[in-house]
There are 4 protein chains.
Amino acid sequence: MRRRHEIESCHDPGQHSLRLVCRRARPENTILDVNGVRIGGGEITVMAGPCSVESEEQLISIARAVKASGAKVLRGGAFKPRTSPYSFRGLEVEGLKLLALARQETGLAVVTEIMDPRQLDLICRYADILQIGSRNMQNYSLLEEVGRCRKPVLLKRGMSSTIEELLFAAEYVMKGGNSSVMFCERGIRTFETSSRNTMDLNAVPMLKRISHLPVIVDPSHGTGHWWMVPPLSKAAIAAGADGLLVEVHCDPQKALSDGPQTLRPDRFDQMMRELRRVALAIGAELPLPERPQP
Amino acid sequence: MRRRHEIESCHDPGQHSLRLVCRRARPENTILDVNGVRIGGGEITVMAGPCSVESEEQLISIARAVKASGAKVLRGGAFKPRTSPYSFRGLEVEGLKLLALARQETGLAVVTEIMDPRQLDLICRYADILQIGSRNMQNYSLLEEVGRCRKPVLLKRGMSSTIEELLFAAEYVMKGGNSSVMFCERGIRTFETSSRNTMDLNAVPMLKRISHLPVIVDPSHGTGHWWMVPPLSKAAIAAGADGLLVEVHCDPQKALSDGPQTLRPDRFDQMMRELRRVALAIGAELPLPERPQP
Amino acid sequence: MRRRHEIESCHDPGQHSLRLVCRRARPENTILDVNGVRIGGGEITVMAGPCSVESEEQLISIARAVKASGAKVLRGGAFKPRTSPYSFRGLEVEGLKLLALARQETGLAVVTEIMDPRQLDLICRYADILQIGSRNMQNYSLLEEVGRCRKPVLLKRGMSSTIEELLFAAEYVMKGGNSSVMFCERGIRTFETSSRNTMDLNAVPMLKRISHLPVIVDPSHGTGHWWMVPPLSKAAIAAGADGLLVEVHCDPQKALSDGPQTLRPDRFDQMMRELRRVALAIGAELPLPERPQP
Amino acid sequence: MRRRHEIESCHDPGQHSLRLVCRRARPENTILDVNGVRIGGGEITVMAGPCSVESEEQLISIARAVKASGAKVLRGGAFKPRTSPYSFRGLEVEGLKLLALARQETGLAVVTEIMDPRQLDLICRYADILQIGSRNMQNYSLLEEVGRCRKPVLLKRGMSSTIEELLFAAEYVMKGGNSSVMFCERGIRTFETSSRNTMDLNAVPMLKRISHLPVIVDPSHGTGHWWMVPPLSKAAIAAGADGLLVEVHCDPQKALSDGPQTLRPDRFDQMMRELRRVALAIGAELPLPERPQP
């Protein structure tokens, strides 16, 4: 009366098993190296930045702020998937160029979303990490395309995808030859309506148990409320996440997208200080920001 | 505490409204013409065939059978999206050629899935209707690509997509210039596990009220059990659906995919007879099959 | 990784099987006799009336109207479960007395909700069918209490209960000695927000296959919109339901509860005429109303 | 097209507002005193014990173990709500007596479930905290009954109840005159099947923001896997929970219920040590166990 639970096949030698993503294939944790930032090796990696790249001034000021608080990766959308075709859909190539400029200015690595297999070369020219968005988690053409390149992939869980389906999506990428994959739990769709999504932190220990790949948590999309981001970020680290993806904007009320779930830099900085203590409490580390050169 | 309900904006002149898909834009029903088959105009259109195209013999025999029972469109997957990269993923181009052959043999129109924007020319060469699968309902690159062609599009609801998101996905296609879109309700993902998905027949009157586009129902995916397909097909027509998409195979137990939800031709034929009576009862019509020429 | 699927145990001789509710225990359909109304035997039984009993005039006028259209059972809440303790919670005993009066005036049988095991004697004095509401489907004290009496029980599915849990709730009642149970599918809670609940018509053939007990469908709660009630009522009958539970009020906009999902008598009458044709089309019958005596 | 979001009415003076449970009614946190244990005042309260009371030996040995690790309250079911009427349903009155005995032996306060309004006097004779189980969160007769007594109430969220419904359930209890209520988030029902429920930690900051009442988290039911209990317990505390409800058994594999989600005492002890560090990191405290008297 019910489909066989394929997640169990992780431990089976059968045809449909999760051959590459599961711990049977690789017992130790995979540690990804992104321009010197090591993800999955005990240090918590914080990726922060605006939902959408809006302008040079906006992006550079946010990039400097999040770096000063200890973020290692800059997030920012250049091509934006939007429910309505009439919403702001990103600066596109111009946005990619600004991300590269911000990397040059700050030394932060850059993560941005790829939405179309035909964009692979373009995005790879500017990004250090390719983000597969929730809506594309089962866009197999896109998964196979990023499987052909060597850039690390941040694979966001579909908003109603099971953990098993997320594992198989990573298997698509790895089967193509790209073993630099990290999962991103970003909240799932449930009956509850007081938060934008329901953060599924059960997914963190479940993914860590089944797979050797790093697990990132996105509390901005997972909650939809900026004031929930600090407690859920602490919770994610306490649950064993390897990193966070957080939306930060200098003026969230004027942000072109996702304002209500976006932190101001001062609140982000306060949160980072608190996260550092939680990380230590569980035996992990969230490194201090580098001292600016005099 | 909750996002504004954009579905209401259908009646608003605002920026994010459903400009093209809603009845404000076009009060009367849209009727699509596919090689002479009229969809959405009071006649129930049944699309039937195997989940996957497997061989010439398999496809032709099913095509003849479903035509003899009154189906007007042949369904069949050539490129198959599968959760696991190790599952059977279709005969690909060879499958498209067999679909075209089956059309030539039977006169049935052909609907098949497109998964990648780069496939547009290829699929258009063989198919009469382009199917956007559930996993790709928010693959905006793909939606915009099919918006550029003139083939009718069967847009399947994502398995956890709201009706509002489905309407906006159709808006993406229509905004590109292609106004030949039909919706397909195929079951949604819920907590219930005794059926593969939960058929959401509320969606039928809701979509018909908001939009002028035809609504097709897929009871095979919506239930996951072949013995549920006849009662839910009757229910779909009674609820006001313009057509059905049904999986049929001469030997479901040997089907390479979706066997448990697939009808044998004899059961499909029996169902079609029963559907004809339900259609009449609600003032619609499911035409008799053409008499074969002597 | 997943609980054993107990619904399958219906066919097992194990300890946890559904001993009394499943077809193994009784292959033929159970037909309930409620004051001469036979439920589950091929005739469609329509139960209709207001959400809440509000006054004598309101109730009697609705009762006469629904009887004239062919309803056989009068529904009406005297004790109302409400999310907020400050909402209108029913006329209580006064409401029960009005229901008994309406029965005397019209000959309709009466179904009303029991919310507390201590109310059993009271409710039994006035009602012909005891309704267990969705919120109480797993209130085991209440289930056992109604299991001790001999009144038929209308057991509404919890808004997030699986079909398996619904079957086990009926097992609680039958284990107590009361074998007059009918199921009521009334919509489940999902992520979709455009309708109040998601009507799960898959439940109809599933329950009919596993169990010998009648299945009633409540399209008023299942949709939340009065204009959806007729198409979903037709769909329920086409799917094989044994009856319907429908909210009717002479002035829905003034109803003290559930107005938006309530039909006016003229629309209910029109619907009943259409339902009669659908019932015939699937080989069932929805009897004509008795001619009033001259 | 959508019900008004009543949770917002918390800040409204309207008829349906959450008059007593929300912070408008009482800005400062409510601190409950249970036999000297203060809940909600900055110290983390851990409630631990078996799912079901099984025997004197079982209960006393678990009670001593959890006390030695720092738990302040003993949990244990005497009356068990079970999906199947044929499952073990608790020792009933005998179980209550054993709980009282364990309290006498260890000094721990006792929390146990009440399932029937007629049990109020009985349960109050033995328990220090009355638990309302998930299945009864909207059993309004029961809520009103516990509202009439003065024992603290642990109100578990229904497995598919919204946060708003949970708040209104507490309002029912407080309206009756009992203001000693604490919430318990215990996982919600979603499409995900790899864990028993989906722990909703978004609920913690949401409830703390809207209401002044304490929030307890149950990671045993929230995950269904014993090895997930420690990471999710840490996460709950990091998110701001006031306490935990944890299943512990000396031999989980022989437990009469919930074995797979139950910790052994040694693992519980290890977890408590780790929780103490997380509590300190967020500025709370999980007190050390009292030194046994020499």
# chains A, B, ... in the order shown; residues from 1 in each chain; ligands from 1
>>> interface_residues(of="chain D", to="chain A", cutoff="9 Å", atoms="only C-alpha atoms", output="count of residues only")
49
>>> select_by_dssp(residues="region 154-191 of chain B", states="strand (DSSP E or B)", output="list in words")
Leu154, Leu155, Lys156, Val181, Met182, Phe183, Cys184, Glu185 and Ile188 of chain B
>>> residues_around(residues="Asp121 (chain D)", least_positions_apart="4", cutoff="10 Å", atoms="only C-alpha atoms", output="list in words")
Pro117, Arg125, Tyr126, Val146 and Cys149 of chain D
>>> residues_around(residues="Asp116 (chain A)", least_positions_apart="3", cutoff="9 Å", atoms="only C-alpha atoms", output="list in words")
Gln119, Leu120, Ser141 and Leu142 of chain A; Asp116, Pro117, Asn139, Tyr140, Ser141 and Leu142 of chain B
>>> residues_around(residues="Arg148 (chain A)", least_positions_apart="6", cutoff="8 Å", atoms="only C-alpha atoms", output="list of chain:residue names")
A:Val173, A:Gly176, A:Gly177, A:Asn178
>>> atom_distance(atom1="CA of Thr112 (chain B)", atom2="CA of Gln138 (chain A)")
18.2 Å
>>> residues_around(residues="Leu213 (chain D)", least_positions_apart="3", cutoff="10 Å", atoms="only C-alpha atoms", output="PyMOL selection string")
chain D and resi 21-23+26+28-32+39-40+167+170+179-183+207-210+216+242
>>> write_last_selection(atoms="C-alpha atoms", output="JSON list (two decimals), in the first residue's frame")
[["chain", "number", "residue", "atom", "x", "y", "z"],
["D", 21, "VAL", "CA", -2.78, 34.03, 26.89],
["D", 22, "CYS", "CA", -1.19, 36.90, 25.01],
["D", 23, "ARG", "CA", 1.45, 39.35, 26.17],
["D", 26, "ARG", "CA", 0.57, 40.10, 30.78],
["D", 28, "GLU", "CA", 6.20, 39.62, 31.70],
["D", 29, "ASN", "CA", 6.84, 35.86, 31.52],
["D", 30, "THR", "CA", 4.61, 33.63, 33.61],
["D", 31, "ILE", "CA", 6.66, 31.49, 35.97],
["D", 32, "LEU", "CA", 4.94, 28.34, 37.21],
["D", 39, "ILE", "CA", 9.20, 26.70, 35.09],
["D", 40, "GLY", "CA", 9.62, 29.61, 32.73],
["D", 167, "LEU", "CA", -3.04, 29.51, 21.74],
["D", 170, "ALA", "CA", -4.73, 27.55, 26.26],
["D", 179, "SER", "CA", -3.70, 30.34, 34.62],
["D", 180, "SER", "CA", -0.96, 27.73, 35.13],
["D", 181, "VAL", "CA", -0.56, 26.58, 31.57],
["D", 182, "MET", "CA", 2.56, 25.66, 29.62],
["D", 183, "PHE", "CA", 2.73, 24.82, 25.92],
["D", 207, "LEU", "CA", 4.93, 31.31, 21.10],
["D", 208, "LYS", "CA", 7.38, 33.22, 23.32],
["D", 209, "ARG", "CA", 6.69, 36.39, 21.34],
["D", 210, "ILE", "CA", 2.90, 36.15, 21.40],
["D", 216, "ILE", "CA", 8.35, 22.99, 26.63],
["D", 242, "ASP", "CA", 11.93, 26.73, 28.82]]
>>> atom_distance(atom1="CA of Glu92 (chain D)", atom2="CA of Leu59 (chain D)")
14.2 Å
>>> atom_distance(atom1="CA of Ser61 (chain A)", atom2="CA of Cys250 (chain A)")
7.7 Å
>>> select_by_dssp(residues="region 106-232 of chain A", states="alpha helix (DSSP H)", output="ChimeraX atom specification")
/A:106,120-126,140-147,163-175,203-210,219-223,229-232
>>> write_last_selection(atoms="N, CA and C atoms", output="tab-separated table (two decimals), in the first residue's frame")
chain	number	residue	atom	x	y	z
A	106	THR	N	36.43	42.45	-1.05
A	106	THR	CA	36.37	41.94	0.33
A	106	THR	C	37.09	40.61	0.52
A	120	LEU	N	25.40	27.79	-17.45
A	120	LEU	CA	26.49	27.24	-16.66
A	120	LEU	C	27.79	28.01	-16.84
A	121	ASP	N	28.21	28.22	-18.08
A	121	ASP	CA	29.49	28.90	-18.29
A	121	ASP	C	29.46	30.31	-17.72
A	122	LEU	N	28.35	30.99	-17.96
A	122	LEU	CA	28.21	32.37	-17.48
A	122	LEU	C	28.35	32.44	-15.96
A	123	ILE	N	27.57	31.64	-15.25
A	123	ILE	CA	27.59	31.71	-13.78
A	123	ILE	C	28.96	31.28	-13.25
A	124	CYS	N	29.53	30.25	-13.87
A	124	CYS	CA	30.83	29.76	-13.39
A	124	CYS	C	31.91	30.84	-13.52
A	125	ARG	N	31.73	31.73	-14.45
A	125	ARG	CA	32.73	32.78	-14.63
A	125	ARG	C	32.77	33.71	-13.42
A	126	TYR	N	31.66	33.84	-12.73
A	126	TYR	CA	31.58	34.82	-11.64
A	126	TYR	C	31.44	34.21	-10.24
A	140	TYR	N	16.21	17.94	-13.33
A	140	TYR	CA	17.31	17.00	-13.53
A	140	TYR	C	18.29	17.47	-14.60
A	141	SER	N	17.81	18.19	-15.61
A	141	SER	CA	18.73	18.72	-16.63
A	141	SER	C	19.74	19.65	-15.98
A	142	LEU	N	19.25	20.47	-15.06
A	142	LEU	CA	20.13	21.42	-14.39
A	142	LEU	C	21.10	20.69	-13.45
A	143	LEU	N	20.59	19.69	-12.74
A	143	LEU	CA	21.46	18.93	-11.84
A	143	LEU	C	22.58	18.24	-12.61
A	144	GLU	N	22.22	17.68	-13.77
A	144	GLU	CA	23.24	16.99	-14.56
A	144	GLU	C	24.25	17.98	-15.12
A	145	GLU	N	23.77	19.18	-15.45
A	145	GLU	CA	24.67	20.18	-16.00
A	145	GLU	C	25.70	20.62	-14.95
A	146	VAL	N	25.23	20.92	-13.73
A	146	VAL	CA	26.21	21.32	-12.70
A	146	VAL	C	27.07	20.13	-12.27
A	147	GLY	N	26.59	18.94	-12.53
A	147	GLY	CA	27.42	17.76	-12.26
A	147	GLY	C	28.62	17.68	-13.18
A	163	ILE	N	13.54	14.13	2.47
A	163	ILE	CA	14.99	14.01	2.63
A	163	ILE	C	15.53	13.00	1.62
A	164	GLU	N	14.78	11.95	1.38
A	164	GLU	CA	15.21	10.97	0.39
A	164	GLU	C	15.36	11.59	-0.99
A	165	GLU	N	14.40	12.42	-1.38
A	165	GLU	CA	14.48	13.07	-2.69
A	165	GLU	C	15.66	14.04	-2.76
A	166	LEU	N	15.96	14.69	-1.64
A	166	LEU	CA	17.11	15.58	-1.59
A	166	LEU	C	18.41	14.79	-1.78
A	167	LEU	N	18.49	13.64	-1.12
A	167	LEU	CA	19.67	12.79	-1.28
A	167	LEU	C	19.83	12.35	-2.73
A	168	PHE	N	18.72	11.98	-3.37
A	168	PHE	CA	18.81	11.54	-4.76
A	168	PHE	C	19.19	12.70	-5.68
A	169	ALA	N	18.73	13.91	-5.36
A	169	ALA	CA	19.13	15.06	-6.18
A	169	ALA	C	20.65	15.25	-6.11
A	170	ALA	N	21.22	15.08	-4.91
A	170	ALA	CA	22.69	15.17	-4.79
A	170	ALA	C	23.36	14.04	-5.56
A	171	GLU	N	22.70	12.89	-5.56
A	171	GLU	CA	23.26	11.75	-6.31
A	171	GLU	C	23.35	12.09	-7.81
A	172	TYR	N	22.34	12.79	-8.33
A	172	TYR	CA	22.40	13.23	-9.73
A	172	TYR	C	23.65	14.06	-10.00
A	173	VAL	N	23.93	15.01	-9.10
A	173	VAL	CA	25.10	15.87	-9.31
A	173	VAL	C	26.39	15.05	-9.21
A	174	MET	N	26.48	14.22	-8.20
A	174	MET	CA	27.71	13.44	-8.01
A	174	MET	C	27.91	12.43	-9.13
A	175	LYS	N	26.82	11.84	-9.61
A	175	LYS	CA	26.92	10.88	-10.70
A	175	LYS	C	27.55	11.54	-11.94
A	203	ALA	N	16.07	17.40	9.87
A	203	ALA	CA	16.83	17.06	8.66
A	203	ALA	C	18.34	17.10	8.90
A	204	VAL	N	18.78	17.93	9.87
A	204	VAL	CA	20.22	18.06	10.07
A	204	VAL	C	20.84	16.75	10.57
A	205	PRO	N	20.42	16.22	11.72
A	205	PRO	CA	21.04	14.95	12.12
A	205	PRO	C	20.72	13.80	11.16
A	206	MET	N	19.56	13.83	10.49
A	206	MET	CA	19.24	12.76	9.55
A	206	MET	C	20.20	12.78	8.37
A	207	LEU	N	20.43	13.95	7.78
A	207	LEU	CA	21.34	14.04	6.65
A	207	LEU	C	22.77	13.71	7.07
A	208	LYS	N	23.19	14.20	8.25
A	208	LYS	CA	24.55	13.93	8.71
A	208	LYS	C	24.76	12.43	8.95
A	209	ARG	N	23.70	11.73	9.36
A	209	ARG	CA	23.83	10.30	9.63
A	209	ARG	C	23.92	9.51	8.33
A	210	ILE	N	23.11	9.89	7.35
A	210	ILE	CA	23.05	9.11	6.11
A	210	ILE	C	24.19	9.47	5.17
A	219	PRO	N	17.91	29.94	7.81
A	219	PRO	CA	16.82	30.31	8.71
A	219	PRO	C	16.02	31.50	8.20
A	220	SER	N	16.51	32.21	7.20
A	220	SER	CA	15.75	33.34	6.67
A	220	SER	C	14.52	32.83	5.93
A	221	HIS	N	14.72	31.94	4.97
A	221	HIS	CA	13.57	31.34	4.29
A	221	HIS	C	12.83	30.37	5.21
A	222	GLY	N	13.55	29.75	6.11
A	222	GLY	CA	12.93	28.76	6.98
A	222	GLY	C	11.93	29.35	7.95
A	223	THR	N	12.01	30.65	8.20
A	223	THR	CA	11.09	31.27	9.14
A	223	THR	C	10.27	32.39	8.49
A	229	VAL	N	15.29	34.72	13.04
A	229	VAL	CA	16.53	34.21	12.46
A	229	VAL	C	17.58	33.91	13.55
A	230	PRO	N	17.80	34.81	14.54
A	230	PRO	CA	18.81	34.45	15.55
A	230	PRO	C	18.48	33.18	16.35
A	231	PRO	N	17.27	33.03	16.91
A	231	PRO	CA	17.05	31.78	17.66
A	231	PRO	C	17.15	30.54	16.79
A	232	LEU	N	16.66	30.60	15.56
A	232	LEU	CA	16.74	29.41	14.72
A	232	LEU	C	18.15	29.17	14.20
>>> residues_around(residues="Leu108 (chain A)", least_positions_apart="6", cutoff="6 Å", atoms="only C-alpha atoms", output="list in words")
Lys72, Val73 and Leu74 of chain A
>>> write_last_selection(atoms="C-alpha atoms", output="compact mmCIF listing (two decimals), in the first residue's frame")
# COMPACT_ATOMS: atom_id res chain seq x y z
CA LYS A 72 33.13 33.92 4.84
CA VAL A 73 30.83 33.74 1.83
CA LEU A 74 28.69 36.45 0.20
>>> decode(residues="region 257-276 of chain B", atoms="N, CA and C atoms", output="PDB file, in the first residue's frame")
ATOM      1  N   SER B 257       7.581   1.572 -15.641  1.00  0.00           N
ATOM      2  CA  SER B 257       7.316   2.585 -14.614  1.00  0.00           C
ATOM      3  C   SER B 257       5.820   2.662 -14.359  1.00  0.00           C
ATOM      4  N   ASP B 258       5.447   2.981 -13.135  1.00  0.00           N
ATOM      5  CA  ASP B 258       4.063   3.276 -12.755  1.00  0.00           C
ATOM      6  C   ASP B 258       3.073   2.134 -12.928  1.00  0.00           C
ATOM      7  N   GLY B 259       3.546   0.896 -12.992  1.00  0.00           N
ATOM      8  CA  GLY B 259       2.641  -0.237 -13.169  1.00  0.00           C
ATOM      9  C   GLY B 259       1.438  -0.240 -12.216  1.00  0.00           C
ATOM     10  N   PRO B 260       1.640  -0.033 -10.906  1.00  0.00           N
ATOM     11  CA  PRO B 260       0.512  -0.186  -9.974  1.00  0.00           C
ATOM     12  C   PRO B 260      -0.654   0.761 -10.220  1.00  0.00           C
ATOM     13  N   GLN B 261      -0.394   1.860 -10.934  1.00  0.00           N
ATOM     14  CA  GLN B 261      -1.481   2.815 -11.150  1.00  0.00           C
ATOM     15  C   GLN B 261      -2.014   2.773 -12.580  1.00  0.00           C
ATOM     16  N   THR B 262      -1.636   1.730 -13.320  1.00  0.00           N
ATOM     17  CA  THR B 262      -1.933   1.678 -14.752  1.00  0.00           C
ATOM     18  C   THR B 262      -3.066   0.700 -15.031  1.00  0.00           C
ATOM     19  N   LEU B 263      -4.008   1.117 -15.872  1.00  0.00           N
ATOM     20  CA  LEU B 263      -5.145   0.282 -16.247  1.00  0.00           C
ATOM     21  C   LEU B 263      -4.796  -0.620 -17.432  1.00  0.00           C
ATOM     22  N   ARG B 264      -5.401  -1.799 -17.457  1.00  0.00           N
ATOM     23  CA  ARG B 264      -5.358  -2.635 -18.662  1.00  0.00           C
ATOM     24  C   ARG B 264      -6.377  -2.093 -19.655  1.00  0.00           C
ATOM     25  N   PRO B 265      -6.185  -2.343 -20.952  1.00  0.00           N
ATOM     26  CA  PRO B 265      -7.133  -1.819 -21.949  1.00  0.00           C
ATOM     27  C   PRO B 265      -8.583  -2.231 -21.704  1.00  0.00           C
ATOM     28  N   ASP B 266      -8.810  -3.452 -21.226  1.00  0.00           N
ATOM     29  CA  ASP B 266     -10.205  -3.858 -21.026  1.00  0.00           C
ATOM     30  C   ASP B 266     -10.864  -3.050 -19.916  1.00  0.00           C
ATOM     31  N   ARG B 267     -10.083  -2.780 -18.849  1.00  0.00           N
ATOM     32  CA  ARG B 267     -10.647  -1.974 -17.759  1.00  0.00           C
ATOM     33  C   ARG B 267     -10.799  -0.516 -18.187  1.00  0.00           C
ATOM     34  N   PHE B 268      -9.885  -0.052 -19.010  1.00  0.00           N
ATOM     35  CA  PHE B 268     -10.011   1.308 -19.536  1.00  0.00           C
ATOM     36  C   PHE B 268     -11.273   1.420 -20.386  1.00  0.00           C
ATOM     37  N   ASP B 269     -11.528   0.399 -21.188  1.00  0.00           N
ATOM     38  CA  ASP B 269     -12.709   0.437 -22.051  1.00  0.00           C
ATOM     39  C   ASP B 269     -13.986   0.457 -21.211  1.00  0.00           C
ATOM     40  N   GLN B 270     -14.016  -0.378 -20.193  1.00  0.00           N
ATOM     41  CA  GLN B 270     -15.188  -0.411 -19.305  1.00  0.00           C
ATOM     42  C   GLN B 270     -15.374   0.956 -18.640  1.00  0.00           C
ATOM     43  N   MET B 271     -14.262   1.541 -18.185  1.00  0.00           N
ATOM     44  CA  MET B 271     -14.343   2.851 -17.550  1.00  0.00           C
ATOM     45  C   MET B 271     -14.895   3.901 -18.505  1.00  0.00           C
ATOM     46  N   MET B 272     -14.448   3.869 -19.757  1.00  0.00           N
ATOM     47  CA  MET B 272     -14.904   4.873 -20.726  1.00  0.00           C
ATOM     48  C   MET B 272     -16.424   4.786 -20.917  1.00  0.00           C
ATOM     49  N   ARG B 273     -16.957   3.567 -20.917  1.00  0.00           N
ATOM     50  CA  ARG B 273     -18.418   3.420 -21.054  1.00  0.00           C
ATOM     51  C   ARG B 273     -19.126   4.068 -19.864  1.00  0.00           C
ATOM     52  N   GLU B 274     -18.560   3.859 -18.687  1.00  0.00           N
ATOM     53  CA  GLU B 274     -19.188   4.425 -17.494  1.00  0.00           C
ATOM     54  C   GLU B 274     -19.045   5.954 -17.468  1.00  0.00           C
ATOM     55  N   LEU B 275     -17.898   6.417 -17.934  1.00  0.00           N
ATOM     56  CA  LEU B 275     -17.675   7.871 -17.950  1.00  0.00           C
ATOM     57  C   LEU B 275     -18.661   8.574 -18.876  1.00  0.00           C
ATOM     58  N   ARG B 276     -18.994   7.904 -19.950  1.00  0.00           N
ATOM     59  CA  ARG B 276     -19.916   8.502 -20.928  1.00  0.00           C
ATOM     60  C   ARG B 276     -21.248   8.832 -20.260  1.00  0.00           C
TER      61      ARG B 276
END
